[in-house]
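Chemist: For reference, this is model-v8.json, and it has JSON, C-alpha atoms.
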```json
[["chain", "number", "residue", "atom", "x", "y", "z"],
["B", 74, "MET", "CA", 0.00, 0.00, 0.00],
["B", 75, "LYS", "CA", 2.84, 2.41, 0.90],
["B", 76, "SER", "CA", 4.47, 1.88, -2.49],
["B", 77, "SER", "CA", 1.21, 2.74, -4.27],
["B", 78, "ILE", "CA", 0.93, 5.98, -2.30],
["B", 79, "ASN", "CA", 4.57, 6.82, -3.06],
["B", 80, "ILE", "CA", 3.96, 6.27, -6.80],
["B", 81, "VAL", "CA", 0.90, 8.56, -6.73],
["B", 82, "VAL", "CA", 2.85, 11.27, -4.86],
["B", 83, "ILE", "CA", 5.73, 11.06, -7.36],
["B", 84, "PHE", "CA", 3.26, 11.27, -10.28],
["B", 85, "VAL", "CA", 1.58, 14.35, -8.77],
["B", 86, "VAL", "CA", 4.93, 16.09, -8.17],
["B", 87, "ILE", "CA", 6.04, 15.39, -11.76],
["B", 88, "HIS", "CA", 2.72, 16.65, -13.11],
["B", 89, "ILE", "CA", 2.93, 19.87, -11.10],
["B", 90, "GLY", "CA", 6.48, 20.38, -12.37],
["B", 91, "GLN", "CA", 5.27, 20.00, -15.95],
["B", 92, "ILE", "CA", 2.52, 22.58, -15.37],
["B", 93, "PHE", "CA", 5.03, 25.10, -13.97],
["B", 94, "SER", "CA", 7.39, 24.40, -16.86],
["B", 95, "ALA", "CA", 4.60, 25.05, -19.37],
["B", 96, "CYS", "CA", 3.70, 28.29, -17.58],
["B", 97, "LYS", "CA", 7.28, 29.52, -17.87],
["B", 98, "LYS", "CA", 7.35, 28.78, -21.61],
["B", 99, "ASP", "CA", 3.99, 30.45, -22.27],
["B", 100, "ASN", "CA", 3.88, 33.92, -20.74],
["B", 101, "GLY", "CA", 0.32, 34.29, -22.05],
["B", 102, "LEU", "CA", -0.84, 31.39, -19.87],
["B", 103, "SER", "CA", 0.95, 32.84, -16.83],
["B", 104, "GLU", "CA", -0.61, 36.24, -17.41],
["B", 105, "ASP", "CA", -4.04, 34.65, -17.88],
["B", 106, "LEU", "CA", -3.68, 32.84, -14.56],
["B", 107, "LEU", "CA", -2.54, 36.05, -12.86],
["B", 108, "ASN", "CA", -5.47, 38.00, -14.34],
["B", 109, "LEU", "CA", -7.89, 35.29, -13.21],
["B", 110, "LEU", "CA", -6.45, 35.48, -9.70],
["B", 111, "CYS", "CA", -6.81, 39.27, -9.64],
["B", 112, "LYS", "CA", -10.42, 39.09, -10.89],
["B", 113, "SER", "CA", -11.24, 36.49, -8.26],
["B", 114, "ARG", "CA", -9.75, 38.73, -5.56],
["B", 115, "LYS", "CA", -11.90, 41.66, -6.72],
["B", 116, "LEU", "CA", -14.99, 39.47, -6.43],
["B", 117, "THR", "CA", -14.18, 38.80, -2.77],
["B", 118, "GLN", "CA", -14.00, 42.50, -1.91],
["B", 119, "ILE", "CA", -17.06, 44.05, -0.32],
["B", 120, "ALA", "CA", -18.78, 46.50, -2.66],
["B", 121, "GLY", "CA", -18.11, 50.12, -1.79],
["B", 122, "LEU", "CA", -15.80, 49.35, 1.14],
["B", 123, "THR", "CA", -12.03, 49.33, 1.37],
["B", 124, "ARG", "CA", -9.59, 47.87, 3.85],
["B", 125, "LYS", "CA", -9.75, 51.15, 5.76],
["B", 126, "THR", "CA", -13.57, 51.27, 5.90],
["B", 127, "ILE", "CA", -14.63, 47.62, 6.42],
["B", 128, "PRO", "CA", -16.07, 47.45, 9.96],
["B", 129, "ALA", "CA", -13.64, 45.52, 12.17],
["B", 130, "PHE", "CA", -12.32, 45.56, 15.72],
["B", 131, "THR", "CA", -10.04, 43.59, 18.01],
["B", 132, "ALA", "CA", -9.66, 44.30, 21.72],
["B", 133, "SER", "CA", -7.97, 42.45, 24.57],
["B", 134, "LEU", "CA", -7.92, 42.52, 28.34],
["B", 135, "THR", "CA", -4.74, 43.90, 29.97],
["B", 136, "THR", "CA", -5.24, 42.71, 33.57],
["B", 137, "GLN", "CA", -7.07, 39.88, 35.27],
["B", 138, "LYS", "CA", -10.44, 40.72, 36.75],
["B", 139, "ALA", "CA", -12.76, 39.13, 39.28],
["B", 140, "LEU", "CA", -16.21, 39.13, 37.69],
["B", 141, "ALA", "CA", -19.63, 39.71, 39.19],
["B", 142, "ALA", "CA", -22.56, 37.61, 37.97],
["B", 143, "GLY", "CA", -23.69, 38.86, 34.55],
["B", 144, "GLU", "CA", -20.93, 41.50, 34.32],
["B", 145, "VAL", "CA", -20.02, 42.81, 30.86],
["B", 146, "ILE", "CA", -16.31, 42.22, 30.19],
["B", 147, "LYS", "CA", -14.66, 45.45, 29.09],
["B", 148, "PHE", "CA", -11.68, 44.67, 26.88],
["B", 149, "ASP", "CA", -9.53, 47.73, 27.50],
["B", 150, "LYS", "CA", -6.72, 47.44, 24.92],
["B", 151, "VAL", "CA", -8.11, 48.22, 21.48],
["B", 152, "TRP", "CA", -5.81, 46.98, 18.71],
["B", 153, "LEU", "CA", -8.09, 47.81, 15.78],
["B", 154, "ASN", "CA", -11.36, 49.74, 15.70],
["B", 155, "THR", "CA", -12.27, 50.62, 12.11],
["B", 156, "GLY", "CA", -15.36, 52.81, 12.23],
["B", 157, "ASP", "CA", -15.19, 53.22, 16.03],
["B", 158, "ILE", "CA", -17.57, 50.25, 16.46],
["B", 159, "TYR", "CA", -16.25, 48.91, 19.78],
["B", 160, "SER", "CA", -16.41, 50.87, 23.05],
["B", 161, "PRO", "CA", -13.82, 49.81, 25.65],
["B", 162, "SER", "CA", -15.70, 51.84, 28.29],
["B", 163, "THR", "CA", -18.90, 49.79, 27.87],
["B", 164, "GLY", "CA", -17.56, 46.55, 26.34],
["B", 165, "MET", "CA", -20.13, 46.87, 23.53],
["B", 166, "PHE", "CA", -19.73, 46.27, 19.81],
["B", 167, "THR", "CA", -22.39, 48.21, 17.88],
["B", 168, "VAL", "CA", -23.06, 46.97, 14.35],
["B", 169, "PRO", "CA", -22.62, 49.88, 11.89],
["B", 170, "ILE", "CA", -24.12, 48.27, 8.74],
["B", 171, "ASP", "CA", -26.25, 45.22, 7.94],
["B", 172, "GLY", "CA", -24.23, 42.17, 6.96],
["B", 173, "LEU", "CA", -22.65, 38.86, 7.72],
["B", 174, "TYR", "CA", -20.03, 39.15, 10.50],
["B", 175, "LEU", "CA", -17.48, 36.83, 12.06],
["B", 176, "VAL", "CA", -17.47, 37.39, 15.81],
["B", 177, "SER", "CA", -14.95, 35.68, 18.09],
["B", 178, "SER", "CA", -13.75, 35.72, 21.65],
["B", 179, "SER", "CA", -11.24, 33.83, 23.76],
["B", 180, "LEU", "CA", -11.40, 34.07, 27.54],
["B", 181, "MET", "CA", -8.75, 32.53, 29.79],
["B", 182, "SER", "CA", -9.52, 31.27, 33.26],
["B", 183, "VAL", "CA", -7.02, 31.41, 36.12],
["B", 184, "GLN", "CA", -5.44, 28.51, 37.98],
["B", 185, "GLY", "CA", -7.91, 26.45, 39.97],
["B", 186, "LYS", "CA", -10.99, 28.36, 38.73],
["B", 187, "HIS", "CA", -13.78, 27.87, 36.23],
["B", 188, "LEU", "CA", -14.88, 30.65, 33.88],
["B", 189, "HIS", "CA", -18.35, 30.73, 32.31],
["B", 190, "CYS", "CA", -19.07, 33.44, 29.71],
["B", 191, "HIS", "CA", -21.56, 34.08, 26.94],
["B", 192, "MET", "CA", -21.83, 36.43, 24.02],
["B", 193, "TRP", "CA", -24.92, 38.58, 24.32],
["B", 194, "LYS", "CA", -26.79, 40.04, 21.36],
["B", 195, "ASN", "CA", -29.28, 42.85, 22.03],
["B", 196, "GLY", "CA", -29.57, 41.88, 25.70],
["B", 197, "GLN", "CA", -30.05, 38.14, 25.12],
["B", 198, "SER", "CA", -27.60, 35.36, 25.86],
["B", 199, "ASN", "CA", -26.17, 33.65, 22.79],
["B", 200, "VAL", "CA", -23.22, 31.25, 22.36],
["B", 201, "GLY", "CA", -20.95, 30.48, 25.31],
["B", 202, "ALA", "CA", -17.34, 29.83, 26.23],
["B", 203, "PHE", "CA", -15.95, 27.88, 29.19],
["B", 204, "GLY", "CA", -12.44, 27.62, 30.59],
["B", 205, "THR", "CA", -10.88, 26.04, 33.65],
["B", 206, "GLY", "CA", -7.40, 26.16, 35.20],
["B", 207, "TRP", "CA", -5.47, 28.36, 32.72],
["B", 208, "SER", "CA", -7.47, 27.13, 29.71],
["B", 209, "GLN", "CA", -9.24, 29.33, 27.20],
["B", 210, "GLY", "CA", -12.88, 29.16, 26.36],
["B", 211, "THR", "CA", -13.16, 30.16, 22.72],
["B", 212, "LEU", "CA", -16.12, 30.96, 20.52],
["B", 213, "ASN", "CA", -16.37, 31.81, 16.84],
["B", 214, "ALA", "CA", -19.74, 32.64, 15.34],
["B", 215, "VAL", "CA", -20.79, 33.78, 11.88],
["B", 216, "MET", "CA", -23.81, 36.01, 12.43],
["B", 217, "ASP", "CA", -26.27, 37.88, 10.22],
["B", 218, "LEU", "CA", -26.42, 41.23, 12.02],
["B", 219, "THR", "CA", -28.45, 44.39, 11.51],
["B", 220, "LYS", "CA", -27.30, 47.99, 11.91],
["B", 221, "GLY", "CA", -27.72, 48.98, 15.56],
["B", 222, "ASP", "CA", -27.42, 45.44, 17.01],
["B", 223, "THR", "CA", -25.16, 45.32, 20.06],
["B", 224, "LEU", "CA", -22.91, 42.46, 21.12],
["B", 225, "SER", "CA", -20.90, 42.01, 24.29],
["B", 226, "MET", "CA", -19.17, 39.30, 26.27],
["B", 227, "ARG", "CA", -20.64, 38.72, 29.72],
["B", 228, "HIS", "CA", -19.78, 36.60, 32.68],
["B", 229, "GLY", "CA", -22.19, 33.81, 33.62],
["B", 230, "ASN", "CA", -24.38, 33.73, 36.72],
["B", 231, "SER", "CA", -21.78, 32.32, 39.13],
["B", 232, "SER", "CA", -19.59, 34.41, 41.41],
["B", 233, "GLY", "CA", -15.92, 34.26, 42.31],
["B", 234, "GLU", "CA", -14.70, 33.58, 38.78],
["B", 235, "VAL", "CA", -11.75, 35.46, 37.33],
["B", 236, "VAL", "CA", -10.86, 36.26, 33.71],
["B", 237, "TYR", "CA", -7.14, 36.40, 32.99],
["B", 238, "GLY", "CA", -5.72, 39.45, 31.22],
["B", 239, "GLU", "CA", -2.26, 40.18, 29.80],
["B", 240, "HIS", "CA", -3.87, 39.98, 26.32],
["B", 241, "TRP", "CA", -4.79, 36.28, 26.71],
["B", 242, "SER", "CA", -8.49, 37.22, 26.63],
["B", 243, "MET", "CA", -9.89, 39.00, 23.56],
["B", 244, "PHE", "CA", -13.01, 40.01, 21.64],
["B", 245, "SER", "CA", -13.13, 40.62, 17.89],
["B", 246, "ALA", "CA", -15.53, 41.04, 14.96],
["B", 247, "TYR", "CA", -15.45, 42.00, 11.29],
["B", 248, "LEU", "CA", -17.79, 42.28, 8.34],
["B", 249, "ILE", "CA", -17.55, 39.33, 5.93],
["B", 250, "SER", "CA", -20.13, 40.50, 3.38],
["B", 251, "LYS", "CA", -23.08, 42.85, 2.98]]
```
Do you think you could lay out the structure here as structure tokens?
Modeler:
Amino acid sequence: MKSSINIVVIFVVIHIGQIFSACKKDNGLSEDLLNLLCKSRKLTQIAGLTRKTIPAFTASLTTQKALAAGEVIKFDKVWLNTGDIYSPSTGMFTVPIDGLYLVSSSLMSVQGKHLHCHMWKNGQSNVGAFGTGWSQGTLNAVMDLTKGDTLSMRHGNSSGEVVYGEHWSMFSAYLISK
């Protein structure tokens, strides 16, 4: 069986080499492939928005914090905030335009403690993250959001839990498409 796999791998490598060799001989083919790649990249851009205007933010927590039940976590170090959509003073992300967004968060617990958190959308609990003993609870959600929606990360209903800072805990979102 191993020899059959080796033969297939060798065949694929030779075939790829022949394709690259043909591309070098035919500049027209290389340019066609490059043009196709550029056109495909333009199709993935969001109409009317540029890298500097696509809504996006990333924020992290600088210090560890003991959390009260239901407390909004305020990520105080803002690394990116295109469109001023995240408020470190409230911990809220406010959606600036309708669209499909990727929202993510990682929250690290401290040694010997559990950490229960949820993402909240418009005042209602959504997906959750759990960590225990220096582990990170992580969530990634693709969400269809409407202008004016608010999202935040909140602690669960237990008390005595601590979220670790030093940039190990973060909250982030960006527009994927309109």
Chemist: Rounded to one decimal in Å, what is the spacing between CA of Ser225 in chain B and CA of Ser177 in chain B?
Modeler: 10.7 Å
Chemist: Every residue with an atom at most 8 Å from (-8.0, 37.5, 23.9) (file coordinates; only C-alpha atoms) is what I'm after, so could you write them as a ChimeraX atom specification?
Modeler: /B:132-134,178-181,238,240-244
Chemist: What does the structure give for the distance between CA of Phe148 in chain B and CA of Pro169 in chain B, in Å to one decimal?
Modeler: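 CA of Pro169 in chain B lies 19.3 Å from CA of Phe148 in chain B.
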Chemist: Just checking: using only C-alpha atoms, which residue out of B:Trp207, B:Trp152, B:Tyr159, B:Phe166 ends up closest to Ser182 in chain B?
Modeler: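 Under the stated criterion, the closest residue is B:Trp207.
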Chemist: Which residues come within 12 Å of Asn195 in chain B, counting only C-alpha atoms, excluding same-chain residues fewer than 2 positions away, as a PyMOL selection string?
Modeler: chain B and resi 165-168+192-193+197-199+218-226
Chemist: Which protein, DNA or RNA residues are at most 12 Å from (-13.8, 42.2, 37.5) in the file's coordinates when you count all atoms listed in the file, listed as a list in words?
Modeler: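 These residues have at least one counted atom within 12 Å: Leu134, Thr135, Thr136, Gln137, Lys138, Ala139, Leu140, Ala141, Ala142, Gly143, Glu144, Val145, Ile146, Lys147, Phe148, Arg227, His228, Ser232, Gly233, Glu234, Val235, Val236, Tyr237 and Gly238 of chain B.
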Chemist: Save out the residues we just selected, C-alpha atoms, as a short mmCIF file (atom, residue, chain, number, x, y, z; two decimals), in the coordinates of the input.
Modeler:
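Output file selection_30.cif is given in full below:
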```cif
data_model
loop_
_atom_site.label_atom_id
_atom_site.label_comp_id
_atom_site.auth_asym_id
_atom_site.auth_seq_id
_atom_site.Cartn_x
_atom_site.Cartn_y
_atom_site.Cartn_z
CA LEU B 134 -7.92 42.52 28.34
CA THR B 135 -4.74 43.90 29.97
CA THR B 136 -5.24 42.71 33.57
CA GLN B 137 -7.07 39.88 35.27
CA LYS B 138 -10.44 40.72 36.75
CA ALA B 139 -12.76 39.13 39.28
CA LEU B 140 -16.21 39.13 37.69
CA ALA B 141 -19.63 39.71 39.19
CA ALA B 142 -22.56 37.61 37.97
CA GLY B 143 -23.69 38.86 34.55
CA GLU B 144 -20.93 41.50 34.32
CA VAL B 145 -20.02 42.81 30.86
CA ILE B 146 -16.31 42.22 30.19
CA LYS B 147 -14.66 45.45 29.09
CA PHE B 148 -11.68 44.67 26.88
CA ARG B 227 -20.64 38.72 29.72
CA HIS B 228 -19.78 36.60 32.68
CA SER B 232 -19.59 34.41 41.41
CA GLY B 233 -15.92 34.26 42.31
CA GLU B 234 -14.70 33.58 38.78
CA VAL B 235 -11.75 35.46 37.33
CA VAL B 236 -10.86 36.26 33.71
CA TYR B 237 -7.14 36.40 32.99
CA GLY B 238 -5.72 39.45 31.22
#
```
Chemist: Which residue out of B:Tyr174, B:Gly204, B:Ser250, B:Gln184 has the minimum interatomic distance to Asp217 in chain B when all atoms listed in the file are used?
Modeler: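 Comparing B:Tyr174, B:Gly204, B:Ser250, B:Gln184 against Asp217 in chain B, the winner is B:Tyr174.
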Chemist: Of the candidates B:Val176, B:Ala214, B:Phe130, B:Ser208, which one gets nearest to His189 in chain B if we count all atoms listed in the file?
Modeler: B:Ser208
